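What follows is a short report on a single structure.
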Amino acid sequence: MPTLFLRWRQRLSALSVTAVIVSAGCSSPGTPATTAADLVIANGTVVTMNDQRDVLEGGTVVIRGSDIVEVGPASIAAKYRAARTVDARGGIVMPGLINTHTHVSMTVFRGLGDDVPDRLRTLIFPLEKALIDRELVFWGGLHGMAEMIEGGVTTFVDMYYFEDEVARATVQAGLRGVLGETIVNFAAPDAPEPYGGLGYARSFAAQYRNHPLVTPALAPHAPYSLDEGHLREIAKEADALNLPILMHVAEMTDEVETLRTERGQTPVEYLDAIGLLSPRLLAAHGVYVNDSDIALLKARDVGLAHAVVSNAKSARPVAPATKMFKSGLRIGLASDGAMSGNTLDIIGQMGYVAKIHKLDQRDRRAMPAVDVVEMATRGGARALHMENRLGSLEAGKLADVIVLDGDSTTLVPRYDVYSSLVYATSPKDVVTTIVHGRVLMQDRRLTTIDVRDVRTRMRAIGRKIEDAVAKGIPGV
Ligand SMILES: [Zn+2]
């Protein structure tokens, strides 16, 4: 089995490399630990996702403040006086997963209107107009964040209304968020005038500038729900304020048809022509793209959020993620909102990504497990242009780390850790989630969110929504 052999060789070479670092780093038997650390994660299979894809059996991750200071074999722990140690008990230690596109507060609508034809204009927009308020966005957001922490997501990308409430929940939860206030061409729940989201976004961005966990963004909804003039203005505004742009792109058939008829362009060509394609843009979906669109996205250094489960549930074509990934395009995985993909974790996406692309290409070799894990970690970080700080376990990166249960039935035995992660892991296997050096969940207990209180509030919100739907929502 050549690939297995190769992985063993990689493990051995990783151990020898880190052993050299240790000997150069002043540790010797009997020397008292002199270096202070806040947190040491010990006794795990450390899937580093570094450039060499090193996997360290019995590895150790050392954290000080918000950063990882060292990753190596068990012996490095002796150098540090750690305030706290997390024993991984033979489990998998890996970079936190990155959800590159969601609408977290839509957990309040989870399960409403599934298995029906196109619902965006006939159900989702009217529901949101009638029901969305600050309270719903905050509690729905916190509920979704509990789900993400429980599933090992440490960074998420969100676009919704009252995005300052999403940010407030994010800070309480302790998650890392790239959060975009939605801008649309009609009256929104938080902005009575069309395009009012732009003004809202400006003050939201000012409020959260340079926040350690929250990166504010502009979120024009889609090419079909804003006019050209406003899209151009948003591109300029993003440059002026140095903000990312989040947008649904090449997702809908009518989006493609309208642009083809009116301009003779694909959605990607259109956005390029009006100045939206740039490293600032994180485009969600990219279902209807051709080879030259992929080359254009790559040339403009755009990030892409691949949400295959949401797309499959909407019976859309499979986005050409294999081509995108192989071309070097910045691509990560995404759940979409809970009204589209129903769950917000990324572990659940990974198995689908591997299998749907195999099915689509009729090729067992398509989308191998290691590539899927890459997209869920480093790929997501690259899609956000945050790969210098996120996406792998290495000294100098932010301490966003998760631990999976080594005693989980489906993770025993474990021959190839990438295969285990993609084909045999469930979000419930995550036991510990750490973001920015802070433990948000240990042994499945959340430390920042009172989940019982949140569930009580969600049930009350659910009853309110049920009553409103029973009475009739205008426009539905
Ligand atoms: Zn979406």
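Identifiers in this document derive from the order of the structure tokens: chains are assigned A, B, ..., residues are numbered from 1 separately in each chain, and ligands are numbered from 1 in order of occurrence.
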
Could I get the residue neighbourhood of ligand 1 at 12 Å, counting only C-alpha atoms and all ligand atoms, as a PDB file with N, CA, C and O atoms, in the first residue's frame?
```
ATOM      1  N   ASN A  99     -16.108  27.236   8.698  1.00  0.00           N
ATOM      2  CA  ASN A  99     -17.356  27.232   7.938  1.00  0.00           C
ATOM      3  C   ASN A  99     -17.408  28.539   7.145  1.00  0.00           C
ATOM      4  O   ASN A  99     -17.628  29.612   7.715  1.00  0.00           O
ATOM      5  N   THR A 100     -17.202  28.447   5.830  1.00  0.00           N
ATOM      6  CA  THR A 100     -16.982  29.658   5.032  1.00  0.00           C
ATOM      7  C   THR A 100     -18.262  30.355   4.539  1.00  0.00           C
ATOM      8  O   THR A 100     -18.167  31.375   3.865  1.00  0.00           O
ATOM      9  N   HIS A 101     -19.417  29.794   4.869  1.00  0.00           N
ATOM     10  CA  HIS A 101     -20.647  30.516   4.488  1.00  0.00           C
ATOM     11  C   HIS A 101     -21.838  29.969   5.270  1.00  0.00           C
ATOM     12  O   HIS A 101     -22.183  28.800   5.161  1.00  0.00           O
ATOM     13  N   THR A 102     -22.432  30.836   6.059  1.00  0.00           N
ATOM     14  CA  THR A 102     -23.674  30.448   6.731  1.00  0.00           C
ATOM     15  C   THR A 102     -24.507  31.694   7.033  1.00  0.00           C
ATOM     16  O   THR A 102     -24.092  32.823   6.740  1.00  0.00           O
ATOM     17  N   HIS A 103     -25.699  31.432   7.555  1.00  0.00           N
ATOM     18  CA  HIS A 103     -26.574  32.485   8.077  1.00  0.00           C
ATOM     19  C   HIS A 103     -27.010  31.929   9.428  1.00  0.00           C
ATOM     20  O   HIS A 103     -28.052  31.288   9.531  1.00  0.00           O
ATOM     21  N   VAL A 104     -26.171  32.120  10.429  1.00  0.00           N
ATOM     22  CA  VAL A 104     -26.279  31.317  11.651  1.00  0.00           C
ATOM     23  C   VAL A 104     -27.628  31.472  12.337  1.00  0.00           C
ATOM     24  O   VAL A 104     -28.178  30.497  12.871  1.00  0.00           O
ATOM     25  N   SER A 105     -28.201  32.681  12.293  1.00  0.00           N
ATOM     26  CA  SER A 105     -29.456  32.906  13.020  1.00  0.00           C
ATOM     27  C   SER A 105     -30.638  32.176  12.389  1.00  0.00           C
ATOM     28  O   SER A 105     -31.705  32.067  13.005  1.00  0.00           O
ATOM     29  N   MET A 106     -30.467  31.682  11.176  1.00  0.00           N
ATOM     30  CA  MET A 106     -31.567  30.963  10.524  1.00  0.00           C
ATOM     31  C   MET A 106     -31.840  29.601  11.158  1.00  0.00           C
ATOM     32  O   MET A 106     -32.739  28.876  10.721  1.00  0.00           O
ATOM     33  N   LEU A 120     -36.886  30.885  -2.115  1.00  0.00           N
ATOM     34  CA  LEU A 120     -36.237  32.122  -1.671  1.00  0.00           C
ATOM     35  C   LEU A 120     -37.218  33.293  -1.646  1.00  0.00           C
ATOM     36  O   LEU A 120     -37.377  33.950  -0.622  1.00  0.00           O
ATOM     37  N   ILE A 124     -38.687  32.374   2.091  1.00  0.00           N
ATOM     38  CA  ILE A 124     -37.639  32.884   2.996  1.00  0.00           C
ATOM     39  C   ILE A 124     -37.726  34.403   3.145  1.00  0.00           C
ATOM     40  O   ILE A 124     -37.782  34.914   4.266  1.00  0.00           O
ATOM     41  N   VAL A 157     -18.214  32.169   8.765  1.00  0.00           N
ATOM     42  CA  VAL A 157     -18.471  33.352   7.937  1.00  0.00           C
ATOM     43  C   VAL A 157     -19.981  33.487   7.818  1.00  0.00           C
ATOM     44  O   VAL A 157     -20.671  32.542   7.431  1.00  0.00           O
ATOM     45  N   ASP A 158     -20.476  34.666   8.168  1.00  0.00           N
ATOM     46  CA  ASP A 158     -21.926  34.831   8.264  1.00  0.00           C
ATOM     47  C   ASP A 158     -22.387  36.032   7.469  1.00  0.00           C
ATOM     48  O   ASP A 158     -21.686  37.041   7.378  1.00  0.00           O
ATOM     49  N   MET A 159     -23.567  35.939   6.877  1.00  0.00           N
ATOM     50  CA  MET A 159     -24.198  37.138   6.325  1.00  0.00           C
ATOM     51  C   MET A 159     -25.680  37.113   6.692  1.00  0.00           C
ATOM     52  O   MET A 159     -26.382  36.137   6.445  1.00  0.00           O
ATOM     53  N   TYR A 160     -26.114  38.200   7.343  1.00  0.00           N
ATOM     54  CA  TYR A 160     -27.526  38.268   7.739  1.00  0.00           C
ATOM     55  C   TYR A 160     -27.904  39.702   8.069  1.00  0.00           C
ATOM     56  O   TYR A 160     -27.178  40.644   7.702  1.00  0.00           O
ATOM     57  N   GLY A 180     -20.905  39.654   7.947  1.00  0.00           N
ATOM     58  CA  GLY A 180     -21.294  40.654   6.964  1.00  0.00           C
ATOM     59  C   GLY A 180     -22.753  41.071   7.100  1.00  0.00           C
ATOM     60  O   GLY A 180     -23.644  40.222   7.145  1.00  0.00           O
ATOM     61  N   THR A 182     -26.060  42.207   5.560  1.00  0.00           N
ATOM     62  CA  THR A 182     -26.617  41.978   4.230  1.00  0.00           C
ATOM     63  C   THR A 182     -27.149  43.277   3.615  1.00  0.00           C
ATOM     64  O   THR A 182     -27.810  44.072   4.286  1.00  0.00           O
ATOM     65  N   ALA A 219     -21.859  42.546   2.901  1.00  0.00           N
ATOM     66  CA  ALA A 219     -22.454  41.352   2.306  1.00  0.00           C
ATOM     67  C   ALA A 219     -23.569  41.700   1.318  1.00  0.00           C
ATOM     68  O   ALA A 219     -24.761  41.567   1.639  1.00  0.00           O
ATOM     69  N   PRO A 220     -23.207  42.149   0.115  1.00  0.00           N
ATOM     70  CA  PRO A 220     -24.231  42.303  -0.926  1.00  0.00           C
ATOM     71  C   PRO A 220     -24.833  40.921  -1.197  1.00  0.00           C
ATOM     72  O   PRO A 220     -24.093  39.958  -1.403  1.00  0.00           O
ATOM     73  N   HIS A 221     -26.161  40.814  -1.175  1.00  0.00           N
ATOM     74  CA  HIS A 221     -26.788  39.486  -1.165  1.00  0.00           C
ATOM     75  C   HIS A 221     -26.398  38.616  -2.365  1.00  0.00           C
ATOM     76  O   HIS A 221     -25.973  37.488  -2.214  1.00  0.00           O
ATOM     77  N   ALA A 222     -26.557  39.174  -3.579  1.00  0.00           N
ATOM     78  CA  ALA A 222     -26.274  38.385  -4.790  1.00  0.00           C
ATOM     79  C   ALA A 222     -26.290  39.317  -6.000  1.00  0.00           C
ATOM     80  O   ALA A 222     -26.826  40.425  -5.920  1.00  0.00           O
ATOM     81  N   LEU A 246     -18.740  39.525   1.163  1.00  0.00           N
ATOM     82  CA  LEU A 246     -19.342  38.195   1.146  1.00  0.00           C
ATOM     83  C   LEU A 246     -20.561  38.238   0.232  1.00  0.00           C
ATOM     84  O   LEU A 246     -21.369  39.159   0.323  1.00  0.00           O
ATOM     85  N   MET A 247     -20.712  37.243  -0.638  1.00  0.00           N
ATOM     86  CA  MET A 247     -21.799  37.326  -1.621  1.00  0.00           C
ATOM     87  C   MET A 247     -22.138  35.933  -2.172  1.00  0.00           C
ATOM     88  O   MET A 247     -21.251  35.111  -2.380  1.00  0.00           O
ATOM     89  N   HIS A 248     -23.438  35.699  -2.413  1.00  0.00           N
ATOM     90  CA  HIS A 248     -23.846  34.497  -3.153  1.00  0.00           C
ATOM     91  C   HIS A 248     -23.528  34.748  -4.628  1.00  0.00           C
ATOM     92  O   HIS A 248     -23.951  35.777  -5.167  1.00  0.00           O
ATOM     93  N   VAL A 249     -22.862  33.814  -5.285  1.00  0.00           N
ATOM     94  CA  VAL A 249     -22.464  34.015  -6.685  1.00  0.00           C
ATOM     95  C   VAL A 249     -22.715  32.743  -7.503  1.00  0.00           C
ATOM     96  O   VAL A 249     -22.338  31.648  -7.092  1.00  0.00           O
ATOM     97  N   ALA A 250     -23.336  32.926  -8.650  1.00  0.00           N
ATOM     98  CA  ALA A 250     -23.557  31.824  -9.602  1.00  0.00           C
ATOM     99  C   ALA A 250     -24.244  30.637  -8.936  1.00  0.00           C
ATOM    100  O   ALA A 250     -23.806  29.506  -9.017  1.00  0.00           O
ATOM    101  N   GLU A 251     -25.361  30.961  -8.271  1.00  0.00           N
ATOM    102  CA  GLU A 251     -26.092  29.936  -7.519  1.00  0.00           C
ATOM    103  C   GLU A 251     -27.445  29.611  -8.146  1.00  0.00           C
ATOM    104  O   GLU A 251     -27.920  28.487  -8.044  1.00  0.00           O
ATOM    105  N   MET A 252     -28.069  30.633  -8.791  1.00  0.00           N
ATOM    106  CA  MET A 252     -29.457  30.469  -9.222  1.00  0.00           C
ATOM    107  C   MET A 252     -29.551  30.447 -10.751  1.00  0.00           C
ATOM    108  O   MET A 252     -28.841  31.197 -11.426  1.00  0.00           O
ATOM    109  N   LEU A 282     -15.346  36.824  -1.013  1.00  0.00           N
ATOM    110  CA  LEU A 282     -15.570  35.411  -0.716  1.00  0.00           C
ATOM    111  C   LEU A 282     -16.926  35.074  -1.322  1.00  0.00           C
ATOM    112  O   LEU A 282     -17.967  35.521  -0.835  1.00  0.00           O
ATOM    113  N   ALA A 283     -16.898  34.325  -2.422  1.00  0.00           N
ATOM    114  CA  ALA A 283     -18.114  34.007  -3.168  1.00  0.00           C
ATOM    115  C   ALA A 283     -18.668  32.670  -2.689  1.00  0.00           C
ATOM    116  O   ALA A 283     -17.940  31.683  -2.606  1.00  0.00           O
ATOM    117  N   ALA A 284     -19.953  32.651  -2.366  1.00  0.00           N
ATOM    118  CA  ALA A 284     -20.572  31.403  -1.919  1.00  0.00           C
ATOM    119  C   ALA A 284     -21.198  30.677  -3.101  1.00  0.00           C
ATOM    120  O   ALA A 284     -21.780  31.299  -3.986  1.00  0.00           O
ATOM    121  N   HIS A 285     -21.035  29.384  -3.144  1.00  0.00           N
ATOM    122  CA  HIS A 285     -21.654  28.428  -4.079  1.00  0.00           C
ATOM    123  C   HIS A 285     -20.849  28.252  -5.378  1.00  0.00           C
ATOM    124  O   HIS A 285     -20.237  27.221  -5.562  1.00  0.00           O
ATOM    125  N   GLY A 286     -20.916  29.197  -6.308  1.00  0.00           N
ATOM    126  CA  GLY A 286     -20.200  29.006  -7.570  1.00  0.00           C
ATOM    127  C   GLY A 286     -20.593  27.717  -8.279  1.00  0.00           C
ATOM    128  O   GLY A 286     -19.759  26.959  -8.754  1.00  0.00           O
ATOM    129  N   ALA A 305     -16.679  29.559  -1.295  1.00  0.00           N
ATOM    130  CA  ALA A 305     -17.288  28.721  -0.256  1.00  0.00           C
ATOM    131  C   ALA A 305     -18.089  27.616  -0.932  1.00  0.00           C
ATOM    132  O   ALA A 305     -19.074  27.894  -1.619  1.00  0.00           O
ATOM    133  N   HIS A 306     -17.645  26.372  -0.740  1.00  0.00           N
ATOM    134  CA  HIS A 306     -18.287  25.222  -1.391  1.00  0.00           C
ATOM    135  C   HIS A 306     -19.308  24.618  -0.423  1.00  0.00           C
ATOM    136  O   HIS A 306     -18.937  24.079   0.621  1.00  0.00           O
ATOM    137  N   ALA A 307     -20.593  24.695  -0.797  1.00  0.00           N
ATOM    138  CA  ALA A 307     -21.672  24.257   0.099  1.00  0.00           C
ATOM    139  C   ALA A 307     -22.460  23.134  -0.566  1.00  0.00           C
ATOM    140  O   ALA A 307     -23.624  23.278  -0.912  1.00  0.00           O
ATOM    141  N   VAL A 308     -21.809  21.983  -0.717  1.00  0.00           N
ATOM    142  CA  VAL A 308     -22.377  20.942  -1.578  1.00  0.00           C
ATOM    143  C   VAL A 308     -23.665  20.345  -1.009  1.00  0.00           C
ATOM    144  O   VAL A 308     -24.549  19.949  -1.764  1.00  0.00           O
ATOM    145  N   VAL A 309     -23.793  20.288   0.316  1.00  0.00           N
ATOM    146  CA  VAL A 309     -25.004  19.687   0.892  1.00  0.00           C
ATOM    147  C   VAL A 309     -26.212  20.584   0.625  1.00  0.00           C
ATOM    148  O   VAL A 309     -27.280  20.115   0.213  1.00  0.00           O
ATOM    149  N   SER A 310     -26.037  21.889   0.842  1.00  0.00           N
ATOM    150  CA  SER A 310     -27.106  22.845   0.550  1.00  0.00           C
ATOM    151  C   SER A 310     -27.473  22.789  -0.932  1.00  0.00           C
ATOM    152  O   SER A 310     -28.649  22.765  -1.293  1.00  0.00           O
ATOM    153  N   ASN A 311     -26.455  22.725  -1.792  1.00  0.00           N
ATOM    154  CA  ASN A 311     -26.699  22.663  -3.242  1.00  0.00           C
ATOM    155  C   ASN A 311     -27.417  21.371  -3.627  1.00  0.00           C
ATOM    156  O   ASN A 311     -28.337  21.387  -4.439  1.00  0.00           O
ATOM    157  N   SER A 314     -31.020  21.484  -2.736  1.00  0.00           N
ATOM    158  CA  SER A 314     -31.766  22.341  -3.662  1.00  0.00           C
ATOM    159  C   SER A 314     -31.780  21.769  -5.077  1.00  0.00           C
ATOM    160  O   SER A 314     -32.207  22.449  -6.003  1.00  0.00           O
ATOM    161  N   ALA A 334     -18.537  24.856   3.369  1.00  0.00           N
ATOM    162  CA  ALA A 334     -19.565  25.684   3.993  1.00  0.00           C
ATOM    163  C   ALA A 334     -20.859  24.906   4.186  1.00  0.00           C
ATOM    164  O   ALA A 334     -21.189  24.029   3.388  1.00  0.00           O
ATOM    165  N   SER A 335     -21.579  25.257   5.235  1.00  0.00           N
ATOM    166  CA  SER A 335     -22.853  24.582   5.519  1.00  0.00           C
ATOM    167  C   SER A 335     -24.038  25.302   4.894  1.00  0.00           C
ATOM    168  O   SER A 335     -25.080  24.710   4.690  1.00  0.00           O
ATOM    169  N   ASP A 336     -23.881  26.620   4.634  1.00  0.00           N
ATOM    170  CA  ASP A 336     -25.019  27.496   4.327  1.00  0.00           C
ATOM    171  C   ASP A 336     -25.917  27.583   5.571  1.00  0.00           C
ATOM    172  O   ASP A 336     -25.599  27.021   6.611  1.00  0.00           O
ATOM    173  N   GLY A 337     -27.031  28.285   5.485  1.00  0.00           N
ATOM    174  CA  GLY A 337     -27.904  28.455   6.646  1.00  0.00           C
ATOM    175  C   GLY A 337     -28.683  27.178   6.954  1.00  0.00           C
ATOM    176  O   GLY A 337     -28.787  26.288   6.114  1.00  0.00           O
ATOM    177  N   ALA A 338     -29.267  27.149   8.166  1.00  0.00           N
ATOM    178  CA  ALA A 338     -29.970  25.937   8.596  1.00  0.00           C
ATOM    179  C   ALA A 338     -31.295  25.734   7.870  1.00  0.00           C
ATOM    180  O   ALA A 338     -31.928  24.694   7.990  1.00  0.00           O
ATOM    181  N   MET A 339     -31.756  26.728   7.096  1.00  0.00           N
ATOM    182  CA  MET A 339     -32.957  26.534   6.290  1.00  0.00           C
ATOM    183  C   MET A 339     -32.586  25.929   4.925  1.00  0.00           C
ATOM    184  O   MET A 339     -33.452  25.487   4.188  1.00  0.00           O
ATOM    185  N   SER A 340     -31.283  25.924   4.614  1.00  0.00           N
ATOM    186  CA  SER A 340     -30.832  25.363   3.339  1.00  0.00           C
ATOM    187  C   SER A 340     -30.116  24.030   3.545  1.00  0.00           C
ATOM    188  O   SER A 340     -30.425  23.045   2.894  1.00  0.00           O
ATOM    189  N   GLY A 341     -29.147  24.023   4.460  1.00  0.00           N
ATOM    190  CA  GLY A 341     -28.361  22.796   4.677  1.00  0.00           C
ATOM    191  C   GLY A 341     -28.705  22.098   5.977  1.00  0.00           C
ATOM    192  O   GLY A 341     -28.206  21.001   6.243  1.00  0.00           O
ATOM    193  N   ASN A 342     -29.517  22.729   6.810  1.00  0.00           N
ATOM    194  CA  ASN A 342     -30.078  22.183   8.051  1.00  0.00           C
ATOM    195  C   ASN A 342     -29.114  21.994   9.223  1.00  0.00           C
ATOM    196  O   ASN A 342     -29.527  22.075  10.366  1.00  0.00           O
ATOM    197  N   LEU A 344     -25.028  22.994  10.800  1.00  0.00           N
ATOM    198  CA  LEU A 344     -23.997  24.024  10.630  1.00  0.00           C
ATOM    199  C   LEU A 344     -22.579  23.496  10.830  1.00  0.00           C
ATOM    200  O   LEU A 344     -21.627  24.257  10.712  1.00  0.00           O
TER     201      LEU A 344
END
```

Extract, using only C-alpha atoms, all DNA, RNA and protein residues at most 12 Å from Arg168 (chain A), discarding same-chain residues fewer than 3 positions from it, and format them as a list in words.
Arg134, Glu135, Val137, Phe138, Trp139, Gly141, Leu142, Met145, Phe162, Glu163, Asp164, Glu165, Val171, Gln172, Ala173, Gly174, Leu175, Arg176, Gly177, Leu179, Phe204, Gln207, Tyr208, His211, Leu213 and Val214 of chain A

Which residues in region 92-326 of chain A does DSSP call strand (DSSP E)? List them as a compact mmCIF listing (two decimals) with N, CA and C atoms, in the first residue's frame.
```txt
# COMPACT_ATOMS: atom_id res chain seq x y z
N ILE A 92 -7.84 12.59 18.29
CA ILE A 92 -7.28 13.36 17.17
C ILE A 92 -7.26 14.84 17.55
N VAL A 93 -6.10 15.46 17.43
CA VAL A 93 -5.96 16.89 17.68
C VAL A 93 -5.73 17.56 16.32
N MET A 94 -6.53 18.53 15.99
CA MET A 94 -6.41 19.12 14.65
C MET A 94 -6.81 20.60 14.66
N PRO A 95 -6.51 21.30 13.55
CA PRO A 95 -6.94 22.70 13.49
C PRO A 95 -8.47 22.79 13.54
N LEU A 97 -12.20 23.70 12.54
CA LEU A 97 -12.77 23.71 11.19
C LEU A 97 -13.35 25.09 10.87
N ILE A 98 -13.37 25.40 9.59
CA ILE A 98 -13.79 26.73 9.15
C ILE A 98 -15.03 26.60 8.27
N ASN A 99 -16.11 27.24 8.70
CA ASN A 99 -17.36 27.23 7.94
C ASN A 99 -17.41 28.54 7.15
N THR A 100 -17.20 28.45 5.83
CA THR A 100 -16.98 29.66 5.03
C THR A 100 -18.26 30.35 4.54
N HIS A 101 -19.42 29.79 4.87
CA HIS A 101 -20.65 30.52 4.49
C HIS A 101 -21.84 29.97 5.27
N THR A 102 -22.43 30.84 6.06
CA THR A 102 -23.67 30.45 6.73
C THR A 102 -24.51 31.69 7.03
N VAL A 153 -16.34 23.59 14.79
CA VAL A 153 -16.12 24.79 13.96
C VAL A 153 -15.57 25.89 14.87
N THR A 154 -14.46 26.50 14.47
CA THR A 154 -13.87 27.56 15.29
C THR A 154 -13.95 28.93 14.62
N THR A 155 -14.06 28.95 13.29
CA THR A 155 -14.26 30.20 12.55
C THR A 155 -15.46 30.02 11.64
N PHE A 156 -16.34 31.02 11.60
CA PHE A 156 -17.45 30.94 10.66
C PHE A 156 -17.64 32.27 9.95
N VAL A 157 -18.21 32.17 8.76
CA VAL A 157 -18.47 33.35 7.94
C VAL A 157 -19.98 33.49 7.82
N ASP A 158 -20.48 34.67 8.17
CA ASP A 158 -21.93 34.83 8.26
C ASP A 158 -22.39 36.03 7.47
N MET A 159 -23.57 35.94 6.88
CA MET A 159 -24.20 37.14 6.32
C MET A 159 -25.68 37.11 6.69
N TYR A 160 -26.11 38.20 7.34
CA TYR A 160 -27.53 38.27 7.74
C TYR A 160 -27.90 39.70 8.07
N ARG A 176 -14.69 32.72 16.42
CA ARG A 176 -14.11 33.68 15.49
C ARG A 176 -15.10 33.83 14.33
N GLY A 177 -15.43 35.08 13.98
CA GLY A 177 -16.42 35.26 12.92
C GLY A 177 -16.04 36.34 11.93
N VAL A 178 -16.27 36.06 10.66
CA VAL A 178 -16.21 37.10 9.62
C VAL A 178 -17.67 37.38 9.31
N LEU A 179 -18.14 38.56 9.69
CA LEU A 179 -19.59 38.80 9.77
C LEU A 179 -19.99 39.95 8.87
N GLY A 180 -20.90 39.65 7.95
CA GLY A 180 -21.29 40.65 6.96
C GLY A 180 -22.75 41.07 7.10
N GLU A 181 -22.98 42.37 7.16
CA GLU A 181 -24.35 42.90 7.15
C GLU A 181 -24.88 42.81 5.71
N THR A 182 -26.06 42.21 5.56
CA THR A 182 -26.62 41.98 4.23
C THR A 182 -27.15 43.28 3.61
N ILE A 183 -26.86 43.46 2.34
CA ILE A 183 -27.35 44.62 1.59
C ILE A 183 -28.19 44.09 0.41
N VAL A 214 -13.92 39.26 15.86
CA VAL A 214 -14.91 39.60 14.82
C VAL A 214 -14.25 40.44 13.72
N THR A 215 -14.37 39.96 12.48
CA THR A 215 -13.95 40.74 11.32
C THR A 215 -15.22 41.19 10.59
N PRO A 216 -15.55 42.48 10.62
CA PRO A 216 -16.75 42.91 9.92
C PRO A 216 -16.57 42.87 8.40
N ALA A 217 -17.67 42.66 7.69
CA ALA A 217 -17.61 42.55 6.23
C ALA A 217 -18.85 43.20 5.62
N LEU A 218 -18.78 43.48 4.32
CA LEU A 218 -19.96 43.91 3.57
C LEU A 218 -20.53 42.69 2.87
N ALA A 219 -21.86 42.55 2.90
CA ALA A 219 -22.45 41.35 2.31
C ALA A 219 -23.57 41.70 1.32
N PRO A 220 -23.21 42.15 0.11
CA PRO A 220 -24.23 42.30 -0.93
C PRO A 220 -24.83 40.92 -1.20
N ILE A 245 -15.70 41.21 1.30
CA ILE A 245 -17.05 41.21 0.72
C ILE A 245 -17.54 39.76 0.66
N LEU A 246 -18.74 39.53 1.16
CA LEU A 246 -19.34 38.20 1.15
C LEU A 246 -20.56 38.24 0.23
N MET A 247 -20.71 37.24 -0.64
CA MET A 247 -21.80 37.33 -1.62
C MET A 247 -22.14 35.93 -2.17
N HIS A 248 -23.44 35.70 -2.41
CA HIS A 248 -23.85 34.50 -3.15
C HIS A 248 -23.53 34.75 -4.63
N VAL A 249 -22.86 33.81 -5.28
CA VAL A 249 -22.46 34.02 -6.68
C VAL A 249 -22.71 32.74 -7.50
N LEU A 281 -13.20 39.40 -2.12
CA LEU A 281 -14.47 38.68 -2.28
C LEU A 281 -14.39 37.23 -1.85
N LEU A 282 -15.35 36.82 -1.01
CA LEU A 282 -15.57 35.41 -0.72
C LEU A 282 -16.93 35.07 -1.32
N ALA A 283 -16.90 34.32 -2.42
CA ALA A 283 -18.11 34.01 -3.17
C ALA A 283 -18.67 32.67 -2.69
N ALA A 284 -19.95 32.65 -2.37
CA ALA A 284 -20.57 31.40 -1.92
C ALA A 284 -21.20 30.68 -3.10
N HIS A 285 -21.03 29.38 -3.14
CA HIS A 285 -21.65 28.43 -4.08
C HIS A 285 -20.85 28.25 -5.38
N GLY A 303 -11.92 34.10 -3.03
CA GLY A 303 -12.17 32.91 -2.23
C GLY A 303 -13.52 32.31 -2.59
N LEU A 304 -13.65 30.99 -2.44
CA LEU A 304 -14.92 30.35 -2.76
C LEU A 304 -15.39 29.44 -1.63
N ALA A 305 -16.68 29.56 -1.30
CA ALA A 305 -17.29 28.72 -0.26
C ALA A 305 -18.09 27.62 -0.93
N HIS A 306 -17.65 26.37 -0.74
CA HIS A 306 -18.29 25.22 -1.39
C HIS A 306 -19.31 24.62 -0.42
```
